[in-house]
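Engineer: Next up, data.txt (compact mmCIF, C-alpha atoms).
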```
# COMPACT_ATOMS: atom_id res chain seq x y z
CA MET O 28 -103.89 -72.09 20.85
CA PHE O 29 -103.57 -68.36 21.58
CA CYS O 30 -100.03 -67.08 21.20
CA ALA O 31 -99.26 -63.73 22.81
CA PRO O 32 -97.83 -61.21 20.31
CA SER O 33 -94.11 -60.74 20.76
CA ARG O 34 -92.39 -57.36 21.06
CA PHE O 35 -91.42 -57.77 17.39
CA THR O 36 -95.11 -58.00 16.43
CA TRP O 37 -95.84 -54.69 18.16
CA GLN O 38 -92.77 -53.03 16.61
CA LEU O 39 -93.71 -54.26 13.10
CA LEU O 40 -97.27 -53.07 13.61
CA GLY O 41 -95.96 -49.69 14.81
CA TRP O 42 -93.73 -49.19 11.76
CA ALA O 43 -96.54 -50.24 9.37
CA LEU O 44 -99.05 -47.91 11.05
CA LEU O 45 -96.58 -45.00 11.00
CA SER O 46 -96.02 -45.57 7.28
CA ALA O 47 -99.78 -45.76 6.60
CA LEU O 48 -100.31 -42.58 8.63
CA LEU O 49 -97.67 -40.73 6.62
CA VAL O 50 -99.28 -41.95 3.35
CA VAL O 51 -102.59 -40.44 4.51
CA VAL O 52 -100.96 -37.18 5.69
CA ALA O 53 -99.06 -36.79 2.40
CA ALA O 54 -102.26 -37.46 0.41
CA LEU O 55 -104.20 -34.87 2.47
CA LEU O 56 -101.46 -32.25 2.04
CA ARG O 57 -101.56 -32.85 -1.72
CA ARG O 58 -105.36 -32.67 -1.83
CA TRP O 59 -105.47 -29.41 0.12
CA ASP O 60 -102.52 -27.96 -1.84
CA LEU O 61 -100.64 -27.38 1.42
CA ASP O 62 -97.35 -28.80 0.17
CA PRO O 63 -95.19 -26.53 -1.97
CA GLY O 64 -94.54 -28.10 -5.38
CA SER O 65 -90.77 -28.17 -4.93
CA LEU O 66 -91.11 -30.11 -1.66
CA ARG O 67 -93.82 -32.49 -2.88
CA TRP O 68 -91.30 -35.34 -3.22
CA VAL O 69 -90.53 -35.09 0.53
CA GLY O 70 -94.14 -35.91 1.40
CA ALA O 71 -94.13 -38.68 -1.19
CA VAL O 72 -90.93 -40.30 0.11
CA LEU O 73 -91.62 -39.83 3.84
CA PRO O 74 -93.93 -42.91 4.18
CA VAL O 75 -91.15 -45.10 2.78
CA LEU O 76 -88.77 -44.26 5.66
CA PRO O 77 -90.67 -46.21 8.40
CA MET O 78 -90.46 -49.24 6.10
CA VAL O 79 -86.68 -49.22 6.64
CA GLY O 80 -87.41 -49.67 10.36
CA TYR O 81 -89.97 -52.34 9.43
CA PHE O 82 -87.41 -54.40 7.51
CA LEU O 83 -84.71 -53.96 10.17
CA THR O 84 -87.17 -55.24 12.80
CA LEU O 85 -88.17 -58.10 10.48
CA THR O 86 -84.50 -59.07 10.15
CA LYS O 87 -84.01 -58.98 13.95
CA TRP O 88 -87.14 -61.11 14.39
CA VAL O 89 -85.97 -63.78 11.91
CA ARG O 90 -82.53 -63.86 13.58
CA SER O 91 -84.20 -64.42 16.97
CA LEU O 92 -85.99 -67.55 15.69
CA ASP O 93 -84.73 -71.08 16.23
CA GLU O 94 -83.64 -73.30 13.34
CA MET O 95 -87.02 -74.91 12.65
CA GLN O 96 -88.90 -71.61 12.85
CA ARG O 97 -86.43 -70.13 10.35
CA LEU O 98 -87.05 -73.09 8.02
CA ILE O 99 -90.80 -72.47 8.31
CA GLN O 100 -90.30 -68.79 7.42
CA PHE O 101 -88.03 -69.70 4.50
CA GLU O 102 -90.60 -72.10 3.02
CA ALA O 103 -93.43 -69.60 3.71
CA LEU O 104 -91.46 -66.89 1.86
CA LEU O 105 -91.02 -69.27 -1.10
CA ILE O 106 -94.82 -69.71 -1.22
CA GLN O 107 -95.24 -65.93 -0.92
CA PHE O 108 -92.78 -65.36 -3.77
CA GLY O 109 -94.52 -67.94 -5.98
CA ILE O 110 -98.04 -66.58 -5.40
CA THR O 111 -97.02 -62.92 -5.77
CA ALA O 112 -94.80 -63.45 -8.82
CA LEU O 113 -97.43 -65.52 -10.65
CA SER O 114 -100.28 -63.16 -9.72
CA VAL O 115 -98.44 -59.96 -10.70
CA MET O 116 -97.09 -61.50 -13.91
CA GLY O 117 -100.47 -63.02 -14.79
CA TYR O 118 -102.30 -59.75 -14.16
CA GLY O 119 -99.67 -57.77 -16.09
CA VAL O 120 -99.97 -60.01 -19.14
CA LEU O 121 -103.79 -59.89 -19.06
CA ALA O 122 -103.73 -56.09 -18.59
CA GLU O 123 -101.42 -55.71 -21.59
CA THR O 124 -103.89 -57.66 -23.75
CA GLY O 125 -106.84 -55.65 -22.43
CA PHE O 126 -108.67 -58.49 -20.65
CA VAL O 127 -108.47 -56.70 -17.28
CA PRO O 128 -108.16 -52.98 -16.39
CA ASN O 129 -104.66 -51.53 -16.53
CA PRO O 130 -104.55 -49.02 -13.64
CA PRO O 131 -101.44 -46.88 -12.97
CA PHE O 132 -98.78 -48.29 -10.64
CA GLY O 133 -99.73 -45.71 -7.98
CA VAL O 134 -103.07 -47.50 -7.63
CA ILE O 135 -101.66 -51.04 -7.83
CA TRP O 136 -98.83 -50.98 -5.26
CA PRO O 137 -101.00 -51.08 -2.07
CA TRP O 138 -102.69 -54.19 -3.51
CA ILE O 139 -99.31 -55.80 -4.12
CA TRP O 140 -98.45 -55.12 -0.46
CA LEU O 141 -101.72 -56.74 0.58
CA LEU O 142 -100.99 -59.73 -1.68
CA LEU O 143 -97.49 -60.07 -0.16
CA PHE O 144 -98.92 -60.06 3.37
CA VAL O 145 -101.80 -62.46 2.62
CA SER O 146 -99.60 -64.92 0.67
CA TRP O 147 -96.96 -64.85 3.46
CA SER O 148 -99.64 -65.60 6.08
CA LEU O 149 -101.05 -68.36 3.86
CA GLY O 150 -97.54 -69.76 3.36
CA GLN O 151 -96.94 -69.83 7.12
CA ALA O 152 -100.27 -71.58 7.74
CA ILE O 153 -99.47 -74.23 5.10
CA VAL O 154 -95.89 -74.88 6.26
CA ARG O 155 -96.73 -74.90 9.99
CA ARG O 156 -99.20 -77.74 9.36
CA LYS O 157 -96.31 -79.82 8.02
CA TYR O 158 -94.37 -79.57 11.29
CA ARG O 159 -97.33 -79.72 13.70
CA MET H 25 -84.97 -90.34 12.18
CA ASN H 26 -86.33 -91.87 15.40
CA ASN H 27 -85.52 -90.47 18.81
CA ARG H 28 -86.08 -91.06 22.54
CA LEU H 29 -86.63 -87.42 23.37
CA ARG H 30 -90.19 -87.88 24.67
CA VAL H 31 -89.09 -90.74 26.95
CA LEU H 32 -86.08 -88.84 28.29
CA ARG H 33 -88.21 -85.77 28.90
CA ALA H 34 -90.91 -87.81 30.68
CA GLU H 35 -88.27 -89.42 32.94
CA ARG H 36 -87.39 -85.95 34.20
CA ALA H 37 -91.04 -84.85 34.35
CA TRP H 38 -90.30 -81.90 32.09
CA SER H 39 -92.97 -80.36 29.89
CA GLN H 40 -92.22 -79.57 26.24
CA ALA H 41 -92.01 -75.92 27.27
CA ASP H 42 -89.44 -76.77 30.00
CA LEU H 43 -87.27 -78.64 27.52
CA ALA H 44 -87.68 -75.90 24.91
CA SER H 45 -86.53 -73.27 27.38
CA ARG H 46 -83.46 -75.36 28.36
CA LEU H 47 -82.56 -75.83 24.69
CA LYS H 48 -83.41 -72.20 23.79
CA VAL H 49 -85.83 -73.27 21.05
CA SER H 50 -89.61 -72.98 20.68
CA ARG H 51 -92.04 -75.54 22.12
CA GLN H 52 -93.21 -76.23 18.55
CA THR H 53 -89.66 -77.25 17.63
CA VAL H 54 -89.46 -79.69 20.56
CA ASN H 55 -92.84 -81.14 19.54
CA ALA H 56 -91.76 -81.49 15.89
CA ILE H 57 -88.55 -83.29 16.92
CA GLU H 58 -90.43 -85.63 19.27
CA THR H 59 -92.98 -86.54 16.60
CA GLY H 60 -90.22 -87.09 14.02
CA LYS H 61 -91.44 -84.30 11.76
CA TYR H 62 -88.23 -82.33 12.09
CA ASP H 63 -84.66 -83.61 12.40
CA PRO H 64 -82.51 -81.23 14.46
CA SER H 65 -79.24 -79.81 13.17
CA LEU H 66 -76.00 -81.31 14.49
CA PRO H 67 -75.41 -78.43 16.98
CA LEU H 68 -78.95 -78.84 18.38
CA ALA H 69 -78.56 -82.64 18.53
CA PHE H 70 -75.31 -82.13 20.49
CA ALA H 71 -77.09 -79.68 22.82
CA ILE H 72 -79.84 -82.28 23.43
CA ALA H 73 -77.25 -85.01 24.08
CA ARG H 74 -75.36 -82.75 26.51
CA LEU H 75 -78.56 -81.84 28.34
CA PHE H 76 -79.48 -85.50 28.90
CA ASP H 77 -75.85 -86.51 29.46
CA GLN H 78 -76.01 -89.17 26.76
CA SER H 79 -74.43 -89.70 23.36
CA ILE H 80 -76.25 -88.60 20.21
CA GLU H 81 -76.51 -92.24 18.99
CA THR H 82 -78.40 -93.33 22.10
CA ILE H 83 -80.98 -90.58 21.59
CA PHE H 84 -81.27 -90.51 17.79
CA THR H 85 -81.40 -93.57 15.53
CA PRO H 86 -81.92 -93.77 11.75
CA ASN H 87 -85.42 -94.80 10.61
CA GLY H 88 -84.45 -98.37 9.64
CA GLY H 89 -82.75 -99.02 13.00
CA PRO H 90 -79.23 -98.38 14.29
CA ASP H 91 -77.46 -99.95 11.28
CA ALA H 92 -79.61 -98.42 8.56
```
Translate the structure of the given file into structure tokens.

Structural biologist:
Amino acid sequence: MFCAPSRFTWQLLGWALLSALLVVVAALLRRWDLDPGSLRWVGAVLPVLPMVGYFLTLTKWVRSLDEMQRLIQFEALLIQFGITALSVMGYGVLAETGFVPNPPFGVIWPWIWLLLFVSWSLGQAIVRRKYR
Amino acid sequence: MNNRLRVLRAERAWSQADLASRLKVSRQTVNAIETGKYDPSLPLAFAIARLFDQSIETIFTPNGGPDA
């Protein structure tokens, strides 16, 4: 069944897009040497600021849910935590032993974000089936 | 826990969405309560009882019957 996106969905999407846009702008400024070295940290930190708005909106959204929906989110977050913790730990251990590449954290963190989002969506799909 | 929510709702010709809006919960929550997949909290059970003007015990009964 199609479920119309709520205002929270649009707000979350807006914060995430703003953050992604600032990541791209900061990367372009660095590439073109347009940011003065002493202010380079400003460009680096700027994309993090919309994520504050993202988490405040996320908190408001969870507080707007009814008791069963909150339970679903709680169980979905447990699944997300389990998948992400095991994956990151597993990869870290394998990278330390040289079985898989060991890229710098600057390359890894967007993939961790993706893993968080995918495992949360998977968790919601699994838990919602239980209450359907 | 068993409940008579579906029967009570049908008697008033309310849809799940109608009941959900009166209880300020989602339609999925009403459906999960009706199918016995989710047991409501005490405050929500009281809200349901108030809405149907009945006591909680006449709407909700333990799985093994009233004395279980």

Engineer: Compile the contact shell of O:Leu48 as an MDAnalysis selection string: residues with an atom at most 10 Å away, counting all atoms listed in the file, same-chain residues fewer than 6 positions apart removed.

Structural biologist: chainID O and resid 42 54 74

Engineer: Please list as a list in words every residue within 10 Å of O:Ser114, counting only C-alpha atoms and excluding residues in the same chain fewer than 6 positions away.

Structural biologist: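 Neighbouring residues, sequence-local ones excluded: Phe108, Val120, Ile139 and Leu142 of chain O.
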
Engineer: For stretch 36-115 of chain O versus stretch 51-64 of chain H, which residues have an atom no more than 10 Å away, and what is each residue's nearest atom pair and distance in Å rounded to one decimal, using all atoms listed in the file, chain-then-number order, as CSV?

Structural biologist:
```
residue,atom,partner,partner_atom,distance
O:Asp93,CA,H:Thr53,CA,8.0
O:Glu94,CA,H:Pro64,CA,8.1
O:Met95,CA,H:Thr53,CA,6.1
O:Gln96,CA,H:Thr53,CA,7.4
```

Engineer: Distance cut-off 12 Å, counting only C-alpha atoms - which residues of chain O neighbour chain H? Return them as a ChimeraX atom specification.

Structural biologist: /O:28,30,91-99,154-159

Engineer: Within 7 Å of (-82.7, -89.2, 13.0) (coordinates as in the file), grab all the protein and nucleic acid residues, counting all atoms listed in the file, and write them out as a PyMOL selection string.

Structural biologist: chain H and resi 25-27+63+84-87

Engineer: Report, in Å to a single decimal, how far apart atom CA of O:Ala103 and atom CA of O:Trp37 are.

Structural biologist: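 Value for the atom CA of O:Trp37-atom CA of O:Ala103 distance: 20.9 Å.
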
Engineer: With distances taken over all atoms listed in the file, which of O:Trp147, O:Trp59, O:Phe35, O:Trp140 is nearest to O:Leu105?

Structural biologist: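 Once distances to O:Leu105 are computed over all atoms listed in the file, the minimum belongs to O:Trp147.
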
Engineer: Just how far from atom CA of O:Arg90 is atom CA of H:Arg74, in Å to one decimal?

Structural biologist: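 Pair atom CA of H:Arg74 / atom CA of O:Arg90 returns 24.0 Å.
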
Engineer: As AutoDock Vina command-line options, please report the centre and edge lengths, rounded to one decimal in Å, of the axis-aligned box that holds all listed atoms of stretch 59-69 of chain H with 3 Å of padding on each of the six sides.

Structural biologist:
```
--center_x -84.2 --center_y -82.8 --center_z 15.1 --size_x 23.6 --size_y 14.7 --size_z 12.8
```

Engineer: Measure the distance from atom CA of O:Gly80 to atom CA of O:Leu45 in Å and round it to one decimal.

Structural biologist: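 Atom-to-atom, atom CA of O:Gly80 and atom CA of O:Leu45 are spaced 10.3 Å apart.
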